[in-house]
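Asks: If you scroll down you'll find the structure; I have some questions about it.
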Number of protein chains: 2
Amino acid sequence: MKKNIEAKPVLFPTPVLVVATYDKEGNPNAMTAAWGGICCSSPPCVTISLRKATYTYSSLMETKAYTINVPGKRHVREADYFGIGSGRNEDKFAVTSLTPVKSEHVNAPYINEFPLNLECKVVHVIDLGLHTQFVGEIVNIKVDELMEDNEQQPLIEQIMPLIFAPSSRNYYTIGEEVGKAFSIGKCFL
Amino acid sequence: MKKNIEAKPVLFPTPVLVVATYDKEGNPNAMTAAWGGICCSSPPCVTISLRKATYTYSSLMETKAYTINVPGKRHVREADYFGIGSGRNEDKFAVTSLTPVKSEHVNAPYINEFPLNLECKVVHVIDLGLHTQFVGEIVNIKVDELMEDNEQQPLIEQIMPLIFAPSSRNYYTIGEEVGKAFSIGKCFL
């Protein structure tokens with residue numbers, strides 16, 4: 001039996017994305033966001049939505065550059081902390097002992113200890129209400145060497161990314177593989 | 001050690017979202033997409049990116065309405081099939097024996113057997129290249145009664161949503177809970 005519930009931002013899964021920027025003084029900062037994801041294959045683009053009140057919002061409006069850093073489950077504490085504190089008041093990299101490294105292709109730092117890093121240039125800014133959506137073109141990707149296969153594909157089972165459940169506000173990791181895409185559904189053809 | 005790899009649409013996790021629409025004759029259709037997610041909390045909005053070549057793209061440009069349907073792992077075959085076939089050539093609901101039900105608030109069907117359904121009205125259409133992003137305001141949510149808690153929150157552990165890994169192109173389900181958001185990171189405060 002179906003029930004109507006209040007219209008609110010609920011979807012499963014949502015990602016745990018740590019967005020890193022330089023502020024206008026050139027200091028590195030990072031914050032965690034769950035509202036985002038891939039939005040175009042060519043050019044490859046990824047979105048991230050931020051509240052205007054965040055320090056990262058103002059940095060992004062200045063630099064028009066960011067990285068998306070994907071934490072594995074071993075960094076769940078750091079990833080959560082990046083979503084609690086504000087770079088206005090604290091140096092989150094110093095607090096967590098994580099390392100900001102200047103990106104090669106954009107004016108933003110990436111987080112060295114996180115296994116997957118996307119370097120992005122802002123190509124669209126769309127005011128949606130409480131959140132503003134930034135669309136970034138992915139111009140370079142960095143991955144930990146040990147976390148890719150022979151074809152330079154990052155491996156989800158090595159990375160063990162975090163998943164955020166908006167309603168219960170818990171983090172999860174990925175579980176069992178349940179099928180091969182573009183294949184398991186061929187039983188209906 | 002970090003390595004640069006080709007800039008491409010890779011991110012973990014990405015969701016498995018089944019987008020349902022009526023075509024201009026009023027026939028229900030559905031397709032699966034992994035490029036999308038929540039993009040604003042207020043008003044609650046969700047994005048979905050589609051190639052212009054898809055049948056759903058042309059339906060959406062007509063009706064400006066869609067539902068996002070979240071399959072659980074028991075429907076992995078159906079979800080994958082919705083991403084393989086095209087509604088131009090086949091009646092995907094007839095093939096899968098799933099049930100399209102007219103939404104209450106928008107001109108789009110939802111998939112009755114899928115546990116979570118978001119009814120959306122298109123508020124922005126953004127051409128990004130190969131993909132076009134549709135931003136939809138969530139105007140109503142339907143959830144299976146057995147899959148929510150006492151506070152009308154849909155439960156991810158009941159729904160067991162699918163996760164898509166873009167590089168290996170496998171589906172996964174969620175795994176173990178690894179922490180409480182806005183809490184586990186307080187160890188750094």
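The way I read the labels, and the way they are meant: chains A, B, ... in the order of the structure tokens, residue 1 as the first residue of every chain, and ligand 1 as the first ligand shown, with later ones counted on from there.
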I need the residues in range 44-149 of chain A that are strand (DSSP E) according to DSSP; give them as a VMD selection string.
Replies: chain A and resid 45 to 51 65 to 70 100 to 102 109 to 111 116 to 127 131 to 144
Asks: Using only C-alpha atoms, determine which residues lie at most 9 Å from Leu189 in chain A, disregarding the query and same-chain residues fewer than 6 positions distant; provide the list as a PDB file with N, CA, C and O atoms, in the first residue's frame.
Replies:
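Written file, part_8.pdb:
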ATOM      1  N   TYR B  81      16.771  -3.443 -17.425  1.00  0.00           N
ATOM      2  CA  TYR B  81      16.047  -3.504 -18.710  1.00  0.00           C
ATOM      3  C   TYR B  81      15.530  -2.118 -19.111  1.00  0.00           C
ATOM      4  O   TYR B  81      15.604  -1.715 -20.276  1.00  0.00           O
ATOM      5  N   GLY B  85      16.264  -1.094 -23.260  1.00  0.00           N
ATOM      6  CA  GLY B  85      15.266  -0.935 -24.327  1.00  0.00           C
ATOM      7  C   GLY B  85      14.852   0.521 -24.521  1.00  0.00           C
ATOM      8  O   GLY B  85      15.197   1.386 -23.725  1.00  0.00           O
ATOM      9  N   VAL B  95       6.197  -5.539 -20.942  1.00  0.00           N
ATOM     10  CA  VAL B  95       7.271  -6.539 -20.952  1.00  0.00           C
ATOM     11  C   VAL B  95       7.638  -6.972 -19.529  1.00  0.00           C
ATOM     12  O   VAL B  95       7.876  -8.154 -19.268  1.00  0.00           O
TER      13      VAL B  95
END
Asks: At a cut-off of 6 Å, list the chain B residues touching chain A, using only C-alpha atoms, as a compact mmCIF listing (two decimals) with C-alpha atoms, in the first residue's frame.
Replies:
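Saved file part.txt follows:
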# COMPACT_ATOMS: atom_id res chain seq x y z
CA MET B 1 50.81 7.42 -4.97
CA LYS B 2 48.35 9.40 -7.15
CA LYS B 3 47.95 8.97 -10.88
CA ASN B 4 46.15 11.13 -13.41
CA ILE B 5 43.53 9.33 -15.47
CA ALA B 7 38.71 13.04 -17.44
CA LYS B 8 35.45 11.08 -17.68
CA PRO B 9 32.18 10.78 -15.78
CA PRO B 13 28.21 6.19 -5.60
CA PRO B 15 22.14 6.20 -8.04
CA TRP B 35 23.19 10.93 -13.75
CA ILE B 38 18.92 15.92 -5.09
CA CYS B 39 19.96 19.49 -5.95
CA CYS B 40 18.00 21.74 -3.57
CA SER B 41 16.37 21.33 -0.14
CA SER B 42 13.84 24.17 -0.41
CA PRO B 44 12.92 20.24 -2.75
CA SER B 49 20.25 14.19 -17.04
CA ARG B 77 16.57 -6.95 -13.67
CA ASP B 80 18.49 -2.65 -15.93
CA TYR B 81 16.05 -3.50 -18.71
CA LEU B 130 25.65 15.19 -24.70
CA HIS B 131 23.24 15.34 -21.77
CA ILE B 138 9.41 17.39 -5.94
CA VAL B 139 5.72 18.09 -5.33
CA ASN B 140 4.69 14.79 -3.78
CA ILE B 141 6.34 11.60 -2.51
CA LYS B 142 4.85 8.13 -2.36
CA VAL B 143 6.37 5.39 -0.27
CA ASP B 144 5.37 1.81 0.48
CA GLU B 145 3.78 1.84 3.93
CA GLN B 153 10.79 8.61 6.98
CA SER B 167 33.69 2.42 -14.26
CA ARG B 169 29.35 -0.90 -14.69
CA ASN B 170 28.16 -3.14 -11.85
CA TYR B 171 25.20 -2.72 -9.54
CA TYR B 172 25.56 -2.96 -5.78
CA THR B 173 23.28 -2.62 -2.79
CA ILE B 174 24.04 -0.71 0.37
CA GLY B 175 26.21 -2.40 2.99
CA GLU B 176 26.92 -1.85 6.65
CA GLU B 177 26.09 1.35 8.52
CA VAL B 178 29.34 3.12 9.39
CA GLY B 179 28.21 6.15 11.35
CA LYS B 180 25.67 8.79 12.19
CA ALA B 181 25.91 11.98 10.13
CA ILE B 184 30.59 10.84 14.21
CA GLY B 185 32.80 13.76 13.11
Asks: Give the superposed chain A as a PDB file with C-alpha atoms, in the first residue's frame, the fit being least squares on chain B over all ordered C-alpha pairs.
Replies:
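In the end it all went to superposed33.pdb:
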ATOM      1  CA  MET A   1      50.782   7.414  -4.991  1.00  0.00           C
ATOM      2  CA  LYS A   2      48.351   9.413  -7.156  1.00  0.00           C
ATOM      3  CA  LYS A   3      47.939   8.959 -10.880  1.00  0.00           C
ATOM      4  CA  ASN A   4      46.140  11.129 -13.420  1.00  0.00           C
ATOM      5  CA  ILE A   5      43.525   9.328 -15.479  1.00  0.00           C
ATOM      6  CA  GLU A   6      41.409  10.520 -18.371  1.00  0.00           C
ATOM      7  CA  ALA A   7      38.696  13.043 -17.451  1.00  0.00           C
ATOM      8  CA  LYS A   8      35.454  11.106 -17.685  1.00  0.00           C
ATOM      9  CA  PRO A   9      32.181  10.791 -15.777  1.00  0.00           C
ATOM     10  CA  VAL A  10      33.309   8.707 -12.794  1.00  0.00           C
ATOM     11  CA  LEU A  11      31.990   9.143  -9.265  1.00  0.00           C
ATOM     12  CA  PHE A  12      30.997   6.775  -6.435  1.00  0.00           C
ATOM     13  CA  PRO A  13      28.207   6.194  -5.599  1.00  0.00           C
ATOM     14  CA  THR A  14      25.834   7.053  -8.417  1.00  0.00           C
ATOM     15  CA  PRO A  15      22.136   6.225  -8.041  1.00  0.00           C
ATOM     16  CA  VAL A  16      19.886   4.010 -10.132  1.00  0.00           C
ATOM     17  CA  LEU A  17      16.895   6.215 -10.930  1.00  0.00           C
ATOM     18  CA  VAL A  18      13.992   5.076 -13.082  1.00  0.00           C
ATOM     19  CA  VAL A  19      12.358   8.084 -14.723  1.00  0.00           C
ATOM     20  CA  ALA A  20       8.736   7.594 -15.794  1.00  0.00           C
ATOM     21  CA  THR A  21       6.810   9.821 -18.221  1.00  0.00           C
ATOM     22  CA  TYR A  22       3.826   9.813 -20.548  1.00  0.00           C
ATOM     23  CA  ASP A  23       4.611  10.274 -24.224  1.00  0.00           C
ATOM     24  CA  LYS A  24       2.537  12.642 -26.316  1.00  0.00           C
ATOM     25  CA  GLU A  25      -0.037   9.931 -26.972  1.00  0.00           C
ATOM     26  CA  GLY A  26      -0.360   9.425 -23.221  1.00  0.00           C
ATOM     27  CA  ASN A  27       1.432   6.071 -23.170  1.00  0.00           C
ATOM     28  CA  PRO A  28       3.544   5.368 -20.076  1.00  0.00           C
ATOM     29  CA  ASN A  29       7.264   4.806 -20.486  1.00  0.00           C
ATOM     30  CA  ALA A  30      10.270   4.539 -18.192  1.00  0.00           C
ATOM     31  CA  MET A  31      14.030   4.659 -18.495  1.00  0.00           C
ATOM     32  CA  THR A  32      16.915   4.207 -16.094  1.00  0.00           C
ATOM     33  CA  ALA A  33      19.490   6.908 -15.466  1.00  0.00           C
ATOM     34  CA  ALA A  34      22.434   7.255 -13.121  1.00  0.00           C
ATOM     35  CA  TRP A  35      23.186  10.920 -13.755  1.00  0.00           C
ATOM     36  CA  GLY A  36      21.006  12.694 -11.202  1.00  0.00           C
ATOM     37  CA  GLY A  37      20.283  13.413  -7.561  1.00  0.00           C
ATOM     38  CA  ILE A  38      18.916  15.917  -5.075  1.00  0.00           C
ATOM     39  CA  CYS A  39      19.964  19.492  -5.940  1.00  0.00           C
ATOM     40  CA  CYS A  40      17.993  21.728  -3.564  1.00  0.00           C
ATOM     41  CA  SER A  41      16.364  21.328  -0.137  1.00  0.00           C
ATOM     42  CA  SER A  42      13.823  24.170  -0.400  1.00  0.00           C
ATOM     43  CA  PRO A  43      11.966  23.932  -2.655  1.00  0.00           C
ATOM     44  CA  PRO A  44      12.926  20.239  -2.760  1.00  0.00           C
ATOM     45  CA  CYS A  45      14.356  19.556  -6.223  1.00  0.00           C
ATOM     46  CA  VAL A  46      15.933  16.595  -7.972  1.00  0.00           C
ATOM     47  CA  THR A  47      17.897  16.529 -11.232  1.00  0.00           C
ATOM     48  CA  ILE A  48      18.020  13.972 -13.966  1.00  0.00           C
ATOM     49  CA  SER A  49      20.252  14.194 -17.051  1.00  0.00           C
ATOM     50  CA  LEU A  50      19.210  12.585 -20.319  1.00  0.00           C
ATOM     51  CA  ARG A  51      20.639  12.300 -23.803  1.00  0.00           C
ATOM     52  CA  LYS A  52      18.557  14.120 -26.406  1.00  0.00           C
ATOM     53  CA  ALA A  53      18.255  10.886 -28.396  1.00  0.00           C
ATOM     54  CA  THR A  54      16.169   9.173 -25.707  1.00  0.00           C
ATOM     55  CA  TYR A  55      12.416   8.795 -26.029  1.00  0.00           C
ATOM     56  CA  THR A  56      12.031  10.100 -22.457  1.00  0.00           C
ATOM     57  CA  TYR A  57      13.759  13.354 -23.463  1.00  0.00           C
ATOM     58  CA  SER A  58      11.088  14.115 -26.054  1.00  0.00           C
ATOM     59  CA  SER A  59       8.281  13.152 -23.661  1.00  0.00           C
ATOM     60  CA  LEU A  60       9.727  15.380 -20.959  1.00  0.00           C
ATOM     61  CA  MET A  61       9.966  18.333 -23.317  1.00  0.00           C
ATOM     62  CA  GLU A  62       6.227  17.889 -23.998  1.00  0.00           C
ATOM     63  CA  THR A  63       4.824  17.199 -20.542  1.00  0.00           C
ATOM     64  CA  LYS A  64       7.403  18.902 -18.279  1.00  0.00           C
ATOM     65  CA  ALA A  65       6.568  16.257 -15.674  1.00  0.00           C
ATOM     66  CA  TYR A  66       8.173  13.025 -14.479  1.00  0.00           C
ATOM     67  CA  THR A  67       8.492  10.688 -11.574  1.00  0.00           C
ATOM     68  CA  ILE A  68      11.699   9.311 -10.107  1.00  0.00           C
ATOM     69  CA  ASN A  69      11.195   5.711  -9.018  1.00  0.00           C
ATOM     70  CA  VAL A  70      13.768   4.055  -6.753  1.00  0.00           C
ATOM     71  CA  PRO A  71      14.058   0.303  -7.317  1.00  0.00           C
ATOM     72  CA  GLY A  72      15.124  -2.053  -4.561  1.00  0.00           C
ATOM     73  CA  LYS A  73      17.545  -4.902  -5.225  1.00  0.00           C
ATOM     74  CA  ARG A  74      14.700  -7.327  -5.983  1.00  0.00           C
ATOM     75  CA  HIS A  75      13.971  -5.293  -9.140  1.00  0.00           C
ATOM     76  CA  VAL A  76      17.534  -5.110 -10.458  1.00  0.00           C
ATOM     77  CA  ARG A  77      16.560  -6.956 -13.660  1.00  0.00           C
ATOM     78  CA  GLU A  78      13.664  -4.613 -14.403  1.00  0.00           C
ATOM     79  CA  ALA A  79      15.743  -1.532 -13.568  1.00  0.00           C
ATOM     80  CA  ASP A  80      18.495  -2.668 -15.935  1.00  0.00           C
ATOM     81  CA  TYR A  81      16.047  -3.516 -18.705  1.00  0.00           C
ATOM     82  CA  PHE A  82      14.524  -0.006 -18.452  1.00  0.00           C
ATOM     83  CA  GLY A  83      18.002   1.269 -19.310  1.00  0.00           C
ATOM     84  CA  ILE A  84      18.500  -1.032 -22.307  1.00  0.00           C
ATOM     85  CA  GLY A  85      15.259  -0.947 -24.325  1.00  0.00           C
ATOM     86  CA  SER A  86      13.573   2.139 -25.834  1.00  0.00           C
ATOM     87  CA  GLY A  87       9.938   3.101 -25.374  1.00  0.00           C
ATOM     88  CA  ARG A  88       9.894   4.010 -29.055  1.00  0.00           C
ATOM     89  CA  ASN A  89       9.920   0.318 -29.930  1.00  0.00           C
ATOM     90  CA  GLU A  90       8.485  -1.535 -26.965  1.00  0.00           C
ATOM     91  CA  ASP A  91       6.007  -1.209 -24.133  1.00  0.00           C
ATOM     92  CA  LYS A  92       8.376  -1.646 -21.212  1.00  0.00           C
ATOM     93  CA  PHE A  93       5.594  -1.891 -18.660  1.00  0.00           C
ATOM     94  CA  ALA A  94       3.944  -4.742 -20.563  1.00  0.00           C
ATOM     95  CA  VAL A  95       7.275  -6.543 -20.949  1.00  0.00           C
ATOM     96  CA  THR A  96       8.152  -6.336 -17.248  1.00  0.00           C
ATOM     97  CA  SER A  97       4.582  -6.691 -15.900  1.00  0.00           C
ATOM     98  CA  LEU A  98       5.163  -3.606 -13.735  1.00  0.00           C
ATOM     99  CA  THR A  99       2.268  -1.218 -13.146  1.00  0.00           C
ATOM    100  CA  PRO A 100       2.199   2.438 -14.220  1.00  0.00           C
ATOM    101  CA  VAL A 101      -0.183   4.474 -12.035  1.00  0.00           C
ATOM    102  CA  LYS A 102      -1.199   8.041 -12.830  1.00  0.00           C
ATOM    103  CA  SER A 103       0.383  10.433 -10.321  1.00  0.00           C
ATOM    104  CA  GLU A 104      -1.854  12.598  -8.196  1.00  0.00           C
ATOM    105  CA  HIS A 105       0.012  15.867  -8.684  1.00  0.00           C
ATOM    106  CA  VAL A 106       1.839  15.692 -12.019  1.00  0.00           C
ATOM    107  CA  ASN A 107       1.172  14.422 -15.519  1.00  0.00           C
ATOM    108  CA  ALA A 108       3.390  11.352 -15.242  1.00  0.00           C
ATOM    109  CA  PRO A 109       2.991   7.745 -14.131  1.00  0.00           C
ATOM    110  CA  TYR A 110       4.779   6.219 -11.172  1.00  0.00           C
ATOM    111  CA  ILE A 111       5.861   2.568 -10.890  1.00  0.00           C
ATOM    112  CA  ASN A 112       3.671   0.946  -8.290  1.00  0.00           C
ATOM    113  CA  GLU A 113       6.017  -1.937  -7.433  1.00  0.00           C
ATOM    114  CA  PHE A 114       9.002   0.336  -6.676  1.00  0.00           C
ATOM    115  CA  PRO A 115       9.081   1.409  -3.016  1.00  0.00           C
ATOM    116  CA  LEU A 116       9.812   5.140  -3.370  1.00  0.00           C
ATOM    117  CA  ASN A 117       8.330   7.505  -5.953  1.00  0.00           C
ATOM    118  CA  LEU A 118       8.965  11.235  -6.334  1.00  0.00           C
ATOM    119  CA  GLU A 119       6.453  13.258  -8.376  1.00  0.00           C
ATOM    120  CA  CYS A 120       8.277  16.115 -10.107  1.00  0.00           C
ATOM    121  CA  LYS A 121       7.495  19.225 -12.163  1.00  0.00           C
ATOM    122  CA  VAL A 122      10.259  20.466 -14.465  1.00  0.00           C
ATOM    123  CA  VAL A 123      11.468  23.918 -13.397  1.00  0.00           C
ATOM    124  CA  HIS A 124      14.749  24.189 -15.366  1.00  0.00           C
ATOM    125  CA  VAL A 125      16.140  22.590 -18.529  1.00  0.00           C
ATOM    126  CA  ILE A 126      19.884  23.049 -19.022  1.00  0.00           C
ATOM    127  CA  ASP A 127      21.695  21.833 -22.134  1.00  0.00           C
ATOM    128  CA  LEU A 128      25.134  20.652 -20.991  1.00  0.00           C
ATOM    129  CA  GLY A 129      26.414  18.844 -24.100  1.00  0.00           C
ATOM    130  CA  LEU A 130      25.640  15.190 -24.710  1.00  0.00           C
ATOM    131  CA  HIS A 131      23.231  15.344 -21.762  1.00  0.00           C
ATOM    132  CA  THR A 132      20.472  17.794 -20.909  1.00  0.00           C
ATOM    133  CA  GLN A 133      19.786  18.337 -17.237  1.00  0.00           C
ATOM    134  CA  PHE A 134      16.189  18.554 -16.066  1.00  0.00           C
ATOM    135  CA  VAL A 135      15.653  20.073 -12.636  1.00  0.00           C
ATOM    136  CA  GLY A 136      12.326  18.981 -11.175  1.00  0.00           C
ATOM    137  CA  GLU A 137      10.573  20.297  -8.108  1.00  0.00           C
ATOM    138  CA  ILE A 138       9.408  17.388  -5.945  1.00  0.00           C
ATOM    139  CA  VAL A 139       5.710  18.108  -5.323  1.00  0.00           C
ATOM    140  CA  ASN A 140       4.695  14.792  -3.773  1.00  0.00           C
ATOM    141  CA  ILE A 141       6.341  11.598  -2.512  1.00  0.00           C
ATOM    142  CA  LYS A 142       4.866   8.144  -2.355  1.00  0.00           C
ATOM    143  CA  VAL A 143       6.365   5.388  -0.258  1.00  0.00           C
ATOM    144  CA  ASP A 144       5.346   1.800   0.496  1.00  0.00           C
ATOM    145  CA  GLU A 145       3.774   1.832   3.939  1.00  0.00           C
ATOM    146  CA  LEU A 146       5.943  -1.014   5.148  1.00  0.00           C
ATOM    147  CA  MET A 147       9.125   0.864   4.291  1.00  0.00           C
ATOM    148  CA  GLU A 148       8.903   3.855   6.571  1.00  0.00           C
ATOM    149  CA  ASP A 149       9.468   4.464  10.251  1.00  0.00           C
ATOM    150  CA  ASN A 150       7.088   6.049  12.772  1.00  0.00           C
ATOM    151  CA  GLU A 151       8.064   9.533  11.623  1.00  0.00           C
ATOM    152  CA  GLN A 152       7.148   8.873   7.995  1.00  0.00           C
ATOM    153  CA  GLN A 153      10.789   8.596   6.976  1.00  0.00           C
ATOM    154  CA  PRO A 154      11.473   6.099   4.215  1.00  0.00           C
ATOM    155  CA  LEU A 155      13.959   3.500   5.466  1.00  0.00           C
ATOM    156  CA  ILE A 156      16.985   2.807   3.308  1.00  0.00           C
ATOM    157  CA  GLU A 157      17.513  -0.592   4.948  1.00  0.00           C
ATOM    158  CA  GLN A 158      14.023  -1.687   3.934  1.00  0.00           C
ATOM    159  CA  ILE A 159      14.226  -0.263   0.444  1.00  0.00           C
ATOM    160  CA  MET A 160      17.718  -1.632  -0.299  1.00  0.00           C
ATOM    161  CA  PRO A 161      18.348   0.757  -3.194  1.00  0.00           C
ATOM    162  CA  LEU A 162      20.719   0.005  -6.044  1.00  0.00           C
ATOM    163  CA  ILE A 163      24.040   1.735  -6.576  1.00  0.00           C
ATOM    164  CA  PHE A 164      25.733   1.984  -9.956  1.00  0.00           C
ATOM    165  CA  ALA A 165      29.513   2.001 -10.380  1.00  0.00           C
ATOM    166  CA  PRO A 166      30.245   3.900 -13.619  1.00  0.00           C
ATOM    167  CA  SER A 167      33.686   2.409 -14.271  1.00  0.00           C
ATOM    168  CA  SER A 168      33.054  -1.311 -13.820  1.00  0.00           C
ATOM    169  CA  ARG A 169      29.351  -0.902 -14.687  1.00  0.00           C
ATOM    170  CA  ASN A 170      28.160  -3.133 -11.860  1.00  0.00           C
ATOM    171  CA  TYR A 171      25.186  -2.713  -9.550  1.00  0.00           C
ATOM    172  CA  TYR A 172      25.564  -2.962  -5.773  1.00  0.00           C
ATOM    173  CA  THR A 173      23.273  -2.610  -2.784  1.00  0.00           C
ATOM    174  CA  ILE A 174      24.025  -0.702   0.378  1.00  0.00           C
ATOM    175  CA  GLY A 175      26.180  -2.391   2.975  1.00  0.00           C
ATOM    176  CA  GLU A 176      26.909  -1.833   6.650  1.00  0.00           C
ATOM    177  CA  GLU A 177      26.082   1.360   8.514  1.00  0.00           C
ATOM    178  CA  VAL A 178      29.340   3.126   9.384  1.00  0.00           C
ATOM    179  CA  GLY A 179      28.203   6.162  11.345  1.00  0.00           C
ATOM    180  CA  LYS A 180      25.662   8.796  12.195  1.00  0.00           C
ATOM    181  CA  ALA A 181      25.906  11.982  10.141  1.00  0.00           C
ATOM    182  CA  PHE A 182      26.509  15.304  11.922  1.00  0.00           C
ATOM    183  CA  SER A 183      27.690  13.228  14.855  1.00  0.00           C
ATOM    184  CA  ILE A 184      30.592  10.845  14.191  1.00  0.00           C
ATOM    185  CA  GLY A 185      32.797  13.761  13.092  1.00  0.00           C
ATOM    186  CA  LYS A 186      32.341  15.622  16.366  1.00  0.00           C
ATOM    187  CA  CYS A 187      35.472  13.869  17.651  1.00  0.00           C
ATOM    188  CA  PHE A 188      37.374  16.677  15.878  1.00  0.00           C
ATOM    189  CA  LEU A 189      35.521  19.496  17.680  1.00  0.00           C
TER     190      LEU A 189
END
Asks: Extract the full set of alpha helix (DSSP H) residues from range 17-186 of chain A according to DSSP on the backbone, and format it as a ChimeraX atom specification.
Replies: /A:55-63,76-82,92-96,156-159
